[in-house]
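Below: upload05.csv (CSV, C-alpha atoms and all ligand atoms)
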```
chain,number,residue,atom,x,y,z
J,1,MET,CA,133.2,3.9,-92.1
J,2,LYS,CA,133.0,7.6,-91.5
J,3,ARG,CA,129.8,7.7,-93.6
J,4,ILE,CA,128.3,4.9,-91.5
J,5,VAL,CA,129.1,6.8,-88.2
J,6,ILE,CA,127.4,9.9,-89.6
J,7,CYS,CA,124.3,7.9,-90.6
J,8,LEU,CA,124.1,6.4,-87.2
J,9,LEU,CA,124.4,9.8,-85.5
J,10,CYS,CA,121.6,11.1,-87.8
J,11,ALA,CA,119.4,8.2,-87.0
J,12,VAL,CA,119.8,8.7,-83.3
J,13,LEU,CA,119.2,12.4,-83.6
J,14,ALA,CA,116.0,11.8,-85.7
J,15,LEU,CA,114.7,9.2,-83.2
J,16,SER,CA,115.4,11.6,-80.3
J,17,LEU,CA,113.4,14.4,-82.0
J,18,ALA,CA,110.5,12.0,-82.8
J,19,CYS,CA,110.2,10.9,-79.2
J,20,GLY,CA,110.2,14.5,-78.0
J,21,THR,CA,107.3,15.6,-80.2
J,22,LYS,CA,105.1,12.7,-79.3
J,23,ASN,CA,105.3,13.3,-75.6
J,24,GLY,CA,104.9,17.1,-75.9
J,25,PRO,CA,102.6,18.3,-73.1
J,26,LYS,CA,103.8,15.6,-70.7
J,27,THR,CA,107.4,16.5,-71.0
J,28,PRO,CA,109.1,17.1,-67.7
J,29,ALA,CA,110.1,20.4,-69.0
J,30,ALA,CA,106.3,21.3,-69.4
J,31,GLU,CA,105.4,20.1,-66.0
J,32,GLY,CA,108.1,22.1,-64.5
J,33,THR,CA,106.8,25.3,-66.0
J,34,GLU,CA,105.2,27.6,-63.5
J,35,VAL,CA,102.1,29.0,-64.9
J,36,PRO,CA,100.8,31.8,-62.8
J,37,PHE,CA,97.3,31.0,-61.2
J,38,ILE,CA,94.8,33.6,-62.4
J,39,PRO,CA,91.6,33.1,-60.4
J,40,ILE,CA,88.4,33.7,-62.3
J,41,GLU,CA,86.9,36.8,-60.9
J,42,PRO,CA,83.4,36.0,-59.6
J,43,GLU,CA,80.6,37.9,-61.1
J,44,PRO,CA,79.3,40.5,-58.8
J,45,ASP,CA,76.5,39.0,-56.8
J,46,THR,CA,73.7,41.3,-57.8
J,47,VAL,CA,70.7,39.1,-57.4
J,48,ASP,CA,70.7,36.9,-54.4
J,49,ALA,CA,72.3,39.4,-52.2
J,50,THR,CA,70.0,42.2,-53.2
J,51,PRO,CA,67.6,42.8,-50.5
J,52,ILE,CA,64.0,42.8,-51.5
J,53,GLY,CA,63.0,46.3,-52.0
J,54,SER,CA,66.5,47.7,-52.8
J,55,ASP,CA,67.3,49.4,-56.1
J,56,GLY,CA,68.4,46.0,-57.5
J,57,PRO,CA,71.3,45.2,-59.8
J,58,GLY,CA,71.7,48.8,-61.0
J,59,VAL,CA,73.3,49.9,-57.7
J,60,PRO,CA,77.1,50.7,-57.9
J,61,GLU,CA,79.4,47.9,-56.7
J,62,ALA,CA,79.6,48.2,-53.0
J,63,SER,CA,82.9,48.7,-51.2
J,64,PRO,CA,83.6,46.6,-48.1
J,65,LEU,CA,82.7,49.6,-46.1
J,66,ALA,CA,79.5,50.1,-48.1
J,67,GLN,CA,78.7,46.4,-47.6
J,68,GLU,CA,78.9,46.9,-43.9
J,69,SER,CA,76.6,49.8,-44.1
J,70,GLN,CA,74.3,47.7,-46.3
J,71,GLU,CA,73.5,45.4,-43.5
J,72,PRO,CA,70.3,47.1,-42.3
J,73,ASP,CA,68.9,47.0,-45.8
J,74,HIS,CA,68.6,43.2,-45.6
J,75,GLU,CA,65.8,43.5,-43.1
J,76,THR,CA,62.4,42.5,-44.5
J,77,PRO,CA,60.2,45.5,-45.1
J,78,GLU,CA,57.2,45.7,-42.9
J,79,PRO,CA,54.0,44.6,-44.7
J,80,THR,CA,51.4,47.2,-44.9
J,81,PRO,CA,48.0,46.4,-43.5
J,82,GLU,CA,46.4,47.0,-46.8
J,83,GLU,CA,48.2,44.0,-48.4
J,84,THR,CA,46.5,41.6,-46.0
J,85,PRO,CA,42.8,42.2,-45.9
J,86,ALA,CA,41.3,41.0,-42.8
J,87,PRO,CA,38.1,38.9,-43.0
J,88,THR,CA,35.8,41.4,-41.5
J,89,ALA,CA,32.2,40.5,-41.7
J,90,THR,CA,30.1,42.8,-39.6
J,91,PRO,CA,26.7,41.2,-39.1
J,92,TYR,CA,23.7,43.2,-40.1
J,93,THR,CA,21.1,43.1,-37.3
J,94,PRO,CA,17.7,44.3,-38.4
J,95,ASP,CA,15.4,45.9,-35.9
J,96,LEU,CA,12.5,43.5,-35.3
J,97,SER,CA,10.1,46.4,-34.8
J,98,MET,CA,11.0,47.6,-38.3
J,99,LEU,CA,9.7,44.5,-40.1
J,100,PRO,CA,9.2,44.0,-43.0
J,101,ILE,CA,12.7,44.7,-44.2
J,102,GLU,CA,13.9,44.2,-47.7
J,103,PHE,CA,17.4,43.1,-47.9
J,104,SER,CA,18.8,43.5,-51.4
J,105,ILE,CA,21.6,41.2,-52.4
J,106,ASP,CA,25.1,42.4,-53.0
J,107,TRP,CA,25.6,41.7,-56.7
J,108,ASN,CA,29.3,41.6,-56.2
J,109,ARG,CA,28.7,38.5,-54.0
J,110,THR,CA,32.4,38.1,-53.2
J,111,GLU,CA,31.9,37.0,-49.7
J,112,PRO,CA,29.0,35.8,-47.6
J,113,ARG,CA,26.8,38.4,-46.0
J,114,LEU,CA,25.8,37.8,-42.5
J,115,ILE,CA,22.5,38.8,-40.9
J,116,THR,CA,21.9,38.2,-37.3
J,117,PHE,CA,18.2,37.8,-36.6
J,118,ASP,CA,16.1,36.1,-34.0
J,119,ILE,CA,14.0,34.4,-36.6
J,120,ASP,CA,12.4,31.9,-34.2
J,121,PHE,CA,11.7,34.4,-31.5
J,122,ASP,CA,13.4,32.4,-28.8
J,123,GLY,CA,15.6,35.3,-27.6
J,124,GLU,CA,18.8,34.0,-29.3
J,125,PRO,CA,19.7,35.5,-32.6
J,126,GLU,CA,20.4,33.2,-35.5
J,127,THR,CA,23.0,34.0,-38.2
J,128,ILE,CA,21.5,34.0,-41.6
J,129,SER,CA,24.0,34.0,-44.5
J,130,TYR,CA,24.0,33.1,-48.1
J,131,ARG,CA,26.4,31.8,-50.7
J,132,THR,CA,26.1,31.7,-54.4
J,133,ASP,CA,27.9,29.2,-56.5
J,134,ASP,CA,28.1,30.5,-60.0
J,135,GLU,CA,29.8,27.3,-61.3
J,136,ASN,CA,27.0,25.0,-60.1
J,137,ASN,CA,24.2,27.6,-60.4
J,138,THR,CA,23.1,27.2,-56.9
J,139,THR,CA,22.3,29.5,-54.0
J,140,THR,CA,22.4,28.4,-50.5
J,141,ILE,CA,20.8,30.1,-47.5
J,142,PHE,CA,22.2,29.2,-44.2
J,143,MET,CA,20.6,29.5,-40.7
J,144,ASP,CA,23.8,29.2,-38.6
J,145,ASP,CA,25.4,26.2,-40.3
J,146,GLN,CA,22.2,24.6,-41.6
J,147,PRO,CA,21.9,25.0,-45.4
J,148,LEU,CA,18.8,25.4,-47.6
J,149,VAL,CA,19.8,24.9,-51.2
J,150,PHE,CA,18.2,26.4,-54.3
J,151,THR,CA,19.3,24.6,-57.4
J,152,GLU,CA,19.3,25.2,-61.1
J,153,SER,CA,20.5,28.3,-62.7
J,154,CYS,CA,19.5,30.8,-60.1
J,155,ILE,CA,20.7,34.2,-58.9
J,156,LEU,CA,19.7,35.4,-55.5
J,157,GLU,CA,17.9,38.7,-55.8
J,158,LYS,CA,16.7,39.7,-52.4
J,159,ILE,CA,15.3,38.6,-49.1
J,160,ILE,CA,12.4,40.2,-47.3
J,161,PHE,CA,12.2,39.6,-43.6
J,162,ILE,CA,8.6,39.7,-42.5
J,163,ASP,CA,6.3,38.2,-39.9
J,164,LEU,CA,3.5,36.9,-42.1
J,165,ASP,CA,1.5,35.2,-39.4
J,166,PRO,CA,1.3,36.4,-35.8
J,167,GLU,CA,0.1,32.9,-34.8
J,168,THR,CA,3.4,31.2,-35.7
J,169,PRO,CA,6.4,31.6,-33.4
J,170,TRP,CA,8.8,32.7,-36.1
J,171,ALA,CA,9.4,35.3,-38.8
J,172,ASN,CA,9.5,34.5,-42.4
J,173,MET,CA,11.9,35.2,-45.2
J,174,LEU,CA,10.7,35.8,-48.7
J,175,VAL,CA,13.6,34.7,-50.8
J,176,THR,CA,13.4,36.0,-54.4
J,177,ILE,CA,15.6,34.2,-57.0
J,178,ASP,CA,16.0,34.9,-60.6
J,179,TRP,CA,15.9,31.5,-62.2
J,180,ALA,CA,16.7,32.6,-65.7
J,181,SER,CA,16.6,36.1,-67.2
J,182,ASP,CA,14.2,38.1,-65.2
J,183,ASP,CA,12.2,35.0,-64.4
J,184,TYR,CA,11.7,35.4,-60.7
J,185,VAL,CA,10.3,33.1,-58.1
J,186,THR,CA,9.8,34.2,-54.5
J,187,THR,CA,9.8,31.4,-52.0
J,188,GLU,CA,8.6,31.7,-48.4
J,189,VAL,CA,11.2,30.3,-46.0
J,190,HIS,CA,10.9,29.8,-42.3
J,191,PRO,CA,12.6,27.9,-39.5
J,192,GLU,CA,11.4,24.5,-38.3
J,193,ASN,CA,13.3,22.3,-35.8
J,194,GLY,CA,16.5,24.2,-36.2
J,195,THR,CA,16.6,24.4,-39.9
J,196,LEU,CA,15.1,26.4,-42.7
J,197,VAL,CA,12.3,25.0,-44.8
J,198,LYS,CA,10.6,26.2,-47.9
J,199,GLY,CA,6.9,27.1,-48.0
J,200,VAL,CA,4.7,28.6,-50.7
J,201,GLU,CA,6.1,29.9,-53.9
J,202,ARG,CA,5.0,32.9,-55.8
J,203,GLU,CA,6.2,34.4,-59.1
J,204,TYR,CA,7.5,37.5,-57.6
J,205,ILE,CA,6.8,39.4,-54.4
J,206,THR,CA,8.2,42.8,-53.5
J,207,LEU,CA,7.4,45.5,-51.0
J,208,ASP,CA,5.4,48.6,-51.8
J,209,GLU,CA,6.6,52.0,-50.6
J,210,ASP,CA,4.4,51.7,-47.5
J,211,GLY,CA,5.7,48.2,-46.7
J,212,THR,CA,2.8,46.3,-48.2
J,213,LEU,CA,3.6,43.1,-50.0
J,214,ILE,CA,2.8,43.1,-53.7
J,215,SER,CA,2.6,39.8,-55.6
J,216,PHE,CA,3.2,39.8,-59.3
J,217,GLU,CA,2.0,37.1,-61.7
J,218,ARG,CA,2.5,36.8,-65.4
J,219,THR,CA,-0.2,35.8,-67.9
J,220,ASP,CA,-0.5,35.3,-71.6
J,221,LEU,CA,-4.1,36.5,-71.7
J,222,LEU,CA,-4.2,39.0,-74.5
J,223,GLY,CA,-0.4,39.0,-74.7
J,224,THR,CA,2.2,38.5,-72.0
J,225,LYS,CA,1.4,40.9,-69.2
J,226,ASP,CA,2.2,41.2,-65.5
J,227,GLY,CA,-0.7,41.4,-63.1
J,228,TRP,CA,-0.2,42.4,-59.5
J,229,ARG,CA,-2.2,42.4,-56.3
J,230,HIS,CA,-1.5,43.3,-52.7
J,231,VAL,CA,-1.1,40.5,-50.3
J,232,ILE,CA,-1.3,40.9,-46.6
J,233,GLY,CA,0.7,38.7,-44.3
J,234,GLU,CA,-1.1,35.4,-43.7
J,235,GLN,CA,-3.1,35.9,-46.9
J,236,LEU,CA,0.0,35.0,-48.9
J,237,GLU,CA,-1.4,31.6,-49.4
J,238,ALA,CA,-4.9,32.9,-50.2
J,239,LYS,CA,-5.9,33.5,-53.8
J,240,SER,CA,-7.3,36.9,-54.2
J,241,GLU,CA,-9.8,37.2,-57.1
J,242,TRP,CA,-8.2,39.8,-59.3
J,243,LEU,CA,-4.8,40.9,-60.5
J,244,ALA,CA,-4.5,44.4,-61.9
J,245,CYS,CA,-2.6,45.3,-65.0
J,246,ASP,CA,-0.7,48.5,-65.2
J,247,PRO,CA,-3.1,51.1,-66.6
J,248,LEU,CA,-2.3,52.9,-69.8
J,249,THR,CA,-0.9,56.4,-69.1
J,250,LYS,CA,-2.2,59.5,-70.8
J,251,ASN,CA,0.9,59.3,-73.1
J,252,ASP,CA,-0.1,55.8,-74.1
J,253,LEU,CA,-3.4,57.1,-75.4
J,254,THR,CA,-2.2,60.4,-76.9
J,255,VAL,CA,1.5,61.0,-77.6
J,256,ASP,CA,2.7,57.4,-77.8
J,257,ARG,CA,-0.5,55.9,-79.1
J,258,GLU,CA,1.0,54.3,-82.2
J,259,TRP,CA,3.8,53.0,-80.0
J,260,SER,CA,1.3,51.6,-77.6
J,261,ILE,CA,-0.4,49.8,-80.4
J,262,GLU,CA,2.9,48.4,-81.6
J,263,LEU,CA,3.7,47.2,-78.2
J,264,GLY,CA,0.4,45.4,-77.8
J,265,LYS,CA,-0.8,47.6,-75.0
J,266,LEU,CA,-3.6,48.8,-77.2
J,267,LEU,CA,-5.3,45.8,-78.9
J,268,HIS,CA,-7.2,46.2,-82.1
J,269,ALA,CA,-10.4,44.2,-82.5
J,270,THR,CA,-10.5,42.4,-85.8
J,271,ARG,CA,-14.0,41.0,-85.4
J,272,ASP,CA,-17.1,41.6,-83.2
J,273,ILE,CA,-16.3,40.2,-79.8
J,274,GLU,CA,-18.9,38.9,-77.4
J,275,CYS,CA,-18.7,40.4,-74.0
J,276,THR,CA,-20.7,41.7,-71.1
J,277,ILE,CA,-21.1,45.3,-70.2
J,278,ASP,CA,-22.6,46.0,-66.8
J,279,GLY,CA,-23.6,42.4,-66.7
J,280,ALA,CA,-25.6,42.5,-69.9
J,281,PRO,CA,-24.6,40.7,-73.1
J,282,ALA,CA,-22.8,43.1,-75.5
J,283,VAL,CA,-20.3,43.3,-78.3
J,284,ILE,CA,-17.0,45.0,-78.8
J,285,PRO,CA,-17.3,46.3,-82.4
J,286,THR,CA,-14.8,45.4,-85.0
J,287,GLY,CA,-12.1,48.1,-85.2
J,288,SER,CA,-12.3,49.1,-81.6
J,289,TYR,CA,-9.1,49.5,-79.5
J,290,VAL,CA,-9.1,48.1,-76.0
J,291,TYR,CA,-6.7,47.7,-73.2
J,292,MET,CA,-6.6,45.3,-70.4
J,293,LEU,CA,-7.5,46.4,-66.9
J,294,ARG,CA,-7.4,43.2,-64.8
J,295,PHE,CA,-7.7,39.5,-64.9
J,296,ASN,CA,-8.9,37.0,-62.3
J,297,GLU,CA,-6.8,34.4,-60.5
J,298,ALA,CA,-8.5,31.5,-62.3
J,299,ARG,CA,-7.8,33.2,-65.7
J,300,THR,CA,-11.5,32.9,-66.6
J,301,LEU,CA,-12.3,36.6,-66.8
J,302,VAL,CA,-10.6,39.6,-68.3
J,303,GLU,CA,-11.8,43.1,-67.9
J,304,VAL,CA,-10.9,45.5,-70.7
J,305,GLN,CA,-11.4,49.2,-71.3
J,306,ILE,CA,-12.9,50.0,-74.6
J,307,GLU,CA,-11.0,53.1,-75.8
J,308,GLY,CA,-13.3,56.1,-75.3
J,309,GLY,CA,-16.1,53.9,-74.0
J,310,SER,CA,-17.2,51.4,-71.4
J,311,THR,CA,-15.5,48.6,-69.6
J,312,ALA,CA,-16.3,45.2,-70.8
J,313,MET,CA,-15.9,41.7,-69.3
J,314,LEU,CA,-14.6,38.9,-71.5
J,315,SER,CA,-15.2,35.3,-70.8
J,316,ILE,CA,-12.0,33.2,-71.2
J,317,GLY,CA,-11.8,29.6,-72.0
J,318,ARG,CA,-9.1,27.1,-73.1
J,319,ILE,CA,-8.9,24.1,-75.3
J,320,PRO,CA,-7.5,21.2,-73.3
J,321,ASP,CA,-3.8,20.6,-74.0
J,322,GLU,CA,-3.5,23.7,-76.1
J,323,TRP,CA,-1.9,26.9,-74.7
J,324,THR,CA,-4.0,29.5,-76.5
J,325,TYR,CA,-6.9,31.2,-74.8
J,326,LEU,CA,-10.4,31.5,-76.2
J,327,ILE,CA,-12.6,34.6,-75.9
J,328,ALA,CA,-16.3,33.5,-76.0
J,329,GLY,CA,-15.1,30.4,-77.7
J,330,VAL,CA,-12.9,32.1,-80.3
J,331,PRO,CA,-9.1,32.0,-80.2
J,332,GLN,CA,-7.9,35.3,-78.9
J,333,ASP,CA,-5.6,35.7,-81.8
J,334,ASP,CA,-8.6,35.7,-84.1
J,335,CYS,CA,-10.2,38.5,-82.0
J,336,PHE,CA,-7.4,41.0,-81.8
J,337,ASP,CA,-4.2,41.7,-83.7
J,338,ASN,CA,-0.9,42.9,-82.3
J,339,ILE,CA,-1.0,40.5,-79.4
J,340,PHE,CA,2.6,39.9,-78.4
J,341,TYR,CA,4.1,37.2,-76.3
J,342,ALA,CA,7.3,37.0,-74.4
J,343,ASP,CA,8.9,34.0,-72.8
Y,401,CA,CA,16.4,32.5,-32.2
Y,402,CA,CA,5.0,34.5,-37.2
```
Do you think you could lay out the structure here as C-alpha cells?
Amino acid sequence: MKRIVICLLCAVLALSLACGTKNGPKTPAAEGTEVPFIPIEPEPDTVDATPIGSDGPGVPEASPLAQESQEPDHETPEPTPEETPAPTATPYTPDLSMLPIEFSIDWNRTEPRLITFDIDFDGEPETISYRTDDENNTTTIFMDDQPLVFTESCILEKIIFIDLDPETPWANMLVTIDWASDDYVTTEVHPENGTLVKGVEREYITLDEDGTLISFERTDLLGTKDGWRHVIGEQLEAKSEWLACDPLTKNDLTVDREWSIELGKLLHATRDIECTIDGAPAVIPTGSYVYMLRFNEARTLVEVQIEGGSTAMLSIGRIPDEWTYLIAGVPQDDCFDNIFYAD
C-alpha cells in the first residue's frame, strides 16, 4: 500500500512537471516578470535634417542648444545669377547705308541669332533669325515668324544683306549653305507678301574686300577647278561670258613646279593639240606644259597659257550623255596627263 501511494505521488509530480514545461513562456510567472523597457535609440538624423549646403553628416552631433542655433542654417541658399542664364538675345541691327553686309554664322549655333532689318523698306524693321536642325539636316530662315526652310543635309554658312536691284522695294539676302562637304550653294532670298521667297541659285557667292560680289563656279574642264567672276547687283541673274581661274604663282612655276604638275595645275600635253592663237589655227606641241586661265560660261572655250609662250584658245565639246569633255574632238584625257578630278 505504501508503495502504491509513493507511485501515485511520483505520477502526480511527473504530470505537474510535464505541464509546466509545455506552457513555458505563457506561464503566469513569466507574464508577471517586469522586463525593463529599453527604447531603441534612433539613429542620428544626419541626412534629412541636414540643410542643403551644410557640411553634411560629418558634423558633430548637435546639442539641443546647438540645434537651436542651427535654425538659420535651414534657410535655402540664395541662387547666384550665374546659375540661371537669362535668355538674352540682343538683335543685331545693320546700318542700311553700310550694305552690303556679310553676316557670318555662329558655328556654335546654340541659340537663334536675331537680326532686325527693314528688308522691305516700309519703315518697320523685320526680325530675321535662323535655326539649324542637325537631326533633320535642315536650316530655317525666319522673317518674323514666317519660315523659309532649306532641306537636305545643309549647314548655314553665311548671309549677305545687299540691295541687288534699286528698282525693287526690298533688300536681298544671299544665303549660303554648305550642302555637303564644302559644296556650297548661295540662294537669293527676298520678301514677298510678308514672307521670304527663294530666287536664283549660284554655286557660291561671297564679297570681295571692296564689297563687290564674287560668284564662284566649279568646272571639270581640264580637271576640277574653280572659276570666279565679279557680279554686280542686278546682274546676278545675267551670265557673264568668262570665269577666271586662279593664276599660277611664281612659286608654281619655279620652286613648286613639280608639285604644281602633281596637283594638275600644270598640265602636260601628251599629243599635239589643235587650238587657236590670236584667232589663227595653231597647235600646242606634244610635251608642252600649259595652265588654265579662264573658261566661258557655256563651257565651250578654255583659254590656256602655254608655259613660256603664247596664250591659246581650246574649243571644247561634249559627247551627249557622257561627262567627259572633248578638245577639238579628242577626249581631254587623251590630250593631257595629270588631269585630276574632285567630287
Ligand atoms: Ca519692313
Ligand atoms: Ca531692291
Using all atoms listed in the file, which residues have at least one atom no more than 12 Å from ligand CA 402 (chain Y)? Output them as JSON, numbers by chain.
{"J": [96, 99, 100, 118, 119, 120, 121, 161, 162, 163, 164, 165, 166, 167, 168, 169, 170, 171, 172, 173, 189, 190, 191, 192, 233, 234]}
To one decimal place in Å, what is the distance between CA of Glu262 (chain J) and CA of Asn338 (chain J)?
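Atom-to-atom, CA of Glu262 (chain J) and CA of Asn338 (chain J) are spaced 6.7 Å apart.
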Report, in Å to a single decimal, how far apart CA of Ala312 (chain J) and CA of Ile284 (chain J) are.
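Separation of CA of Ile284 (chain J) and CA of Ala312 (chain J): 8.0 Å.
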Have a look at CA of Glu241 (chain J) and CA of Ile316 (chain J) and let me know their distance in Å, one decimal.
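These atoms are spaced 14.8 Å apart.
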Quick one: everything within 12 Å of Ile177 (chain J), counting all atoms listed in the file, minus sequence neighbours fewer than 3 positions away in the same chain. Send it as a PyMOL selection string.
chain J and resi 104-105+132+137-141+149-160+174+180-188+201-206
Would you output that residue set with C-alpha atoms, as a compact mmCIF listing (two decimals), keeping the file's coordinate frame?
```
# COMPACT_ATOMS: atom_id res chain seq x y z
CA SER J 104 18.80 43.50 -51.40
CA ILE J 105 21.60 41.20 -52.40
CA THR J 132 26.10 31.70 -54.40
CA ASN J 137 24.20 27.60 -60.40
CA THR J 138 23.10 27.20 -56.90
CA THR J 139 22.30 29.50 -54.00
CA THR J 140 22.40 28.40 -50.50
CA ILE J 141 20.80 30.10 -47.50
CA VAL J 149 19.80 24.90 -51.20
CA PHE J 150 18.20 26.40 -54.30
CA THR J 151 19.30 24.60 -57.40
CA GLU J 152 19.30 25.20 -61.10
CA SER J 153 20.50 28.30 -62.70
CA CYS J 154 19.50 30.80 -60.10
CA ILE J 155 20.70 34.20 -58.90
CA LEU J 156 19.70 35.40 -55.50
CA GLU J 157 17.90 38.70 -55.80
CA LYS J 158 16.70 39.70 -52.40
CA ILE J 159 15.30 38.60 -49.10
CA ILE J 160 12.40 40.20 -47.30
CA LEU J 174 10.70 35.80 -48.70
CA ALA J 180 16.70 32.60 -65.70
CA SER J 181 16.60 36.10 -67.20
CA ASP J 182 14.20 38.10 -65.20
CA ASP J 183 12.20 35.00 -64.40
CA TYR J 184 11.70 35.40 -60.70
CA VAL J 185 10.30 33.10 -58.10
CA THR J 186 9.80 34.20 -54.50
CA THR J 187 9.80 31.40 -52.00
CA GLU J 188 8.60 31.70 -48.40
CA GLU J 201 6.10 29.90 -53.90
CA ARG J 202 5.00 32.90 -55.80
CA GLU J 203 6.20 34.40 -59.10
CA TYR J 204 7.50 37.50 -57.60
CA ILE J 205 6.80 39.40 -54.40
CA THR J 206 8.20 42.80 -53.50
```
Mind checking which residues fall within 9 Å of Leu222 (chain J), counting all atoms listed in the file, ignoring those fewer than 2 positions away in the same chain, and posting them as a list of chain:residue names?
J:Thr219, J:Asp220, J:Thr224, J:Lys225, J:Gly264, J:Leu267, J:Met292, J:Val302, J:Tyr325, J:Gln332, J:Asp333, J:Phe336, J:Ile339, J:Phe340, J:Tyr341
Tell me which of J:Asn193, J:Ser288, J:Ser97, J:Thr249 sits closest to ligand CA 401 (chain Y), counting all atoms listed in the file.
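Ranked by minimum distance to ligand CA 401 (chain Y), first place goes to J:Asn193.
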Residue list as a short mmCIF file (atom, residue, chain, number, x, y, z; two decimals) with C-alpha atoms, keeping the file's coordinate frame for point (25.4, 28.6, -44.5), cut-off 12 Å, all atoms listed in the file:
```
data_model
loop_
_atom_site.label_atom_id
_atom_site.label_comp_id
_atom_site.auth_asym_id
_atom_site.auth_seq_id
_atom_site.Cartn_x
_atom_site.Cartn_y
_atom_site.Cartn_z
CA GLU J 111 31.90 37.00 -49.70
CA PRO J 112 29.00 35.80 -47.60
CA ARG J 113 26.80 38.40 -46.00
CA LEU J 114 25.80 37.80 -42.50
CA ILE J 115 22.50 38.80 -40.90
CA GLU J 126 20.40 33.20 -35.50
CA THR J 127 23.00 34.00 -38.20
CA ILE J 128 21.50 34.00 -41.60
CA SER J 129 24.00 34.00 -44.50
CA TYR J 130 24.00 33.10 -48.10
CA ARG J 131 26.40 31.80 -50.70
CA THR J 132 26.10 31.70 -54.40
CA THR J 139 22.30 29.50 -54.00
CA THR J 140 22.40 28.40 -50.50
CA ILE J 141 20.80 30.10 -47.50
CA PHE J 142 22.20 29.20 -44.20
CA MET J 143 20.60 29.50 -40.70
CA ASP J 144 23.80 29.20 -38.60
CA ASP J 145 25.40 26.20 -40.30
CA GLN J 146 22.20 24.60 -41.60
CA PRO J 147 21.90 25.00 -45.40
CA LEU J 148 18.80 25.40 -47.60
CA VAL J 149 19.80 24.90 -51.20
CA THR J 195 16.60 24.40 -39.90
CA LEU J 196 15.10 26.40 -42.70
#
```
Non-local contacts of region 207-209 of chain J (10 Å; all atoms listed in the file; under 2 positions in same chain excluded) as a list in words
Pro100, Ile101, Glu102, Ile160, Ile205, Gly211, Thr212, Leu213, Ile214, Ser215, His230 and Val231 of chain J
What lies within 7 Å of Met313 (chain J) using all atoms listed in the file, ignoring chain neighbours under 2 positions off, as a compact mmCIF listing (two decimals) with C-alpha atoms, keeping the file's coordinate frame?
```
# COMPACT_ATOMS: atom_id res chain seq x y z
CA CYS J 275 -18.70 40.40 -74.00
CA THR J 276 -20.70 41.70 -71.10
CA ILE J 277 -21.10 45.30 -70.20
CA LEU J 301 -12.30 36.60 -66.80
CA VAL J 302 -10.60 39.60 -68.30
CA GLU J 303 -11.80 43.10 -67.90
CA VAL J 304 -10.90 45.50 -70.70
CA THR J 311 -15.50 48.60 -69.60
CA SER J 315 -15.20 35.30 -70.80
```
From the set J:Phe117, J:Tyr289, J:Phe103, J:Trp242, which residue has the shortest atom-to-atom contact distance to ligand CA 401 (chain Y), counting all atoms listed in the file?
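Smallest separation from ligand CA 401 (chain Y) among the options: J:Phe117.
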Could you tell me which of J:Glu322, J:Asp95, J:Thr116, J:Gly227 comes closest to ligand CA 401 (chain Y) if we count all atoms listed in the file?
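Selected residue with least distance to ligand CA 401 (chain Y): J:Thr116.
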Give the answer as one residue: which of J:Asp133, J:Pro320, J:Thr176, J:Gly194 has the shortest atom-to-atom distance to ligand CA 401 (chain Y), using all atoms listed in the file?
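Of J:Asp133, J:Pro320, J:Thr176, J:Gly194, the one nearest ligand CA 401 (chain Y) is J:Gly194, counting all atoms listed in the file.
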Nearest to ligand CA 401 (chain Y), chosen from J:Asn251, J:Gly308, J:Glu124, J:Thr93, with only C-alpha atoms and all ligand atoms counted in the distances
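Between J:Asn251, J:Gly308, J:Glu124, J:Thr93, the residue approaching ligand CA 401 (chain Y) most closely is J:Glu124.
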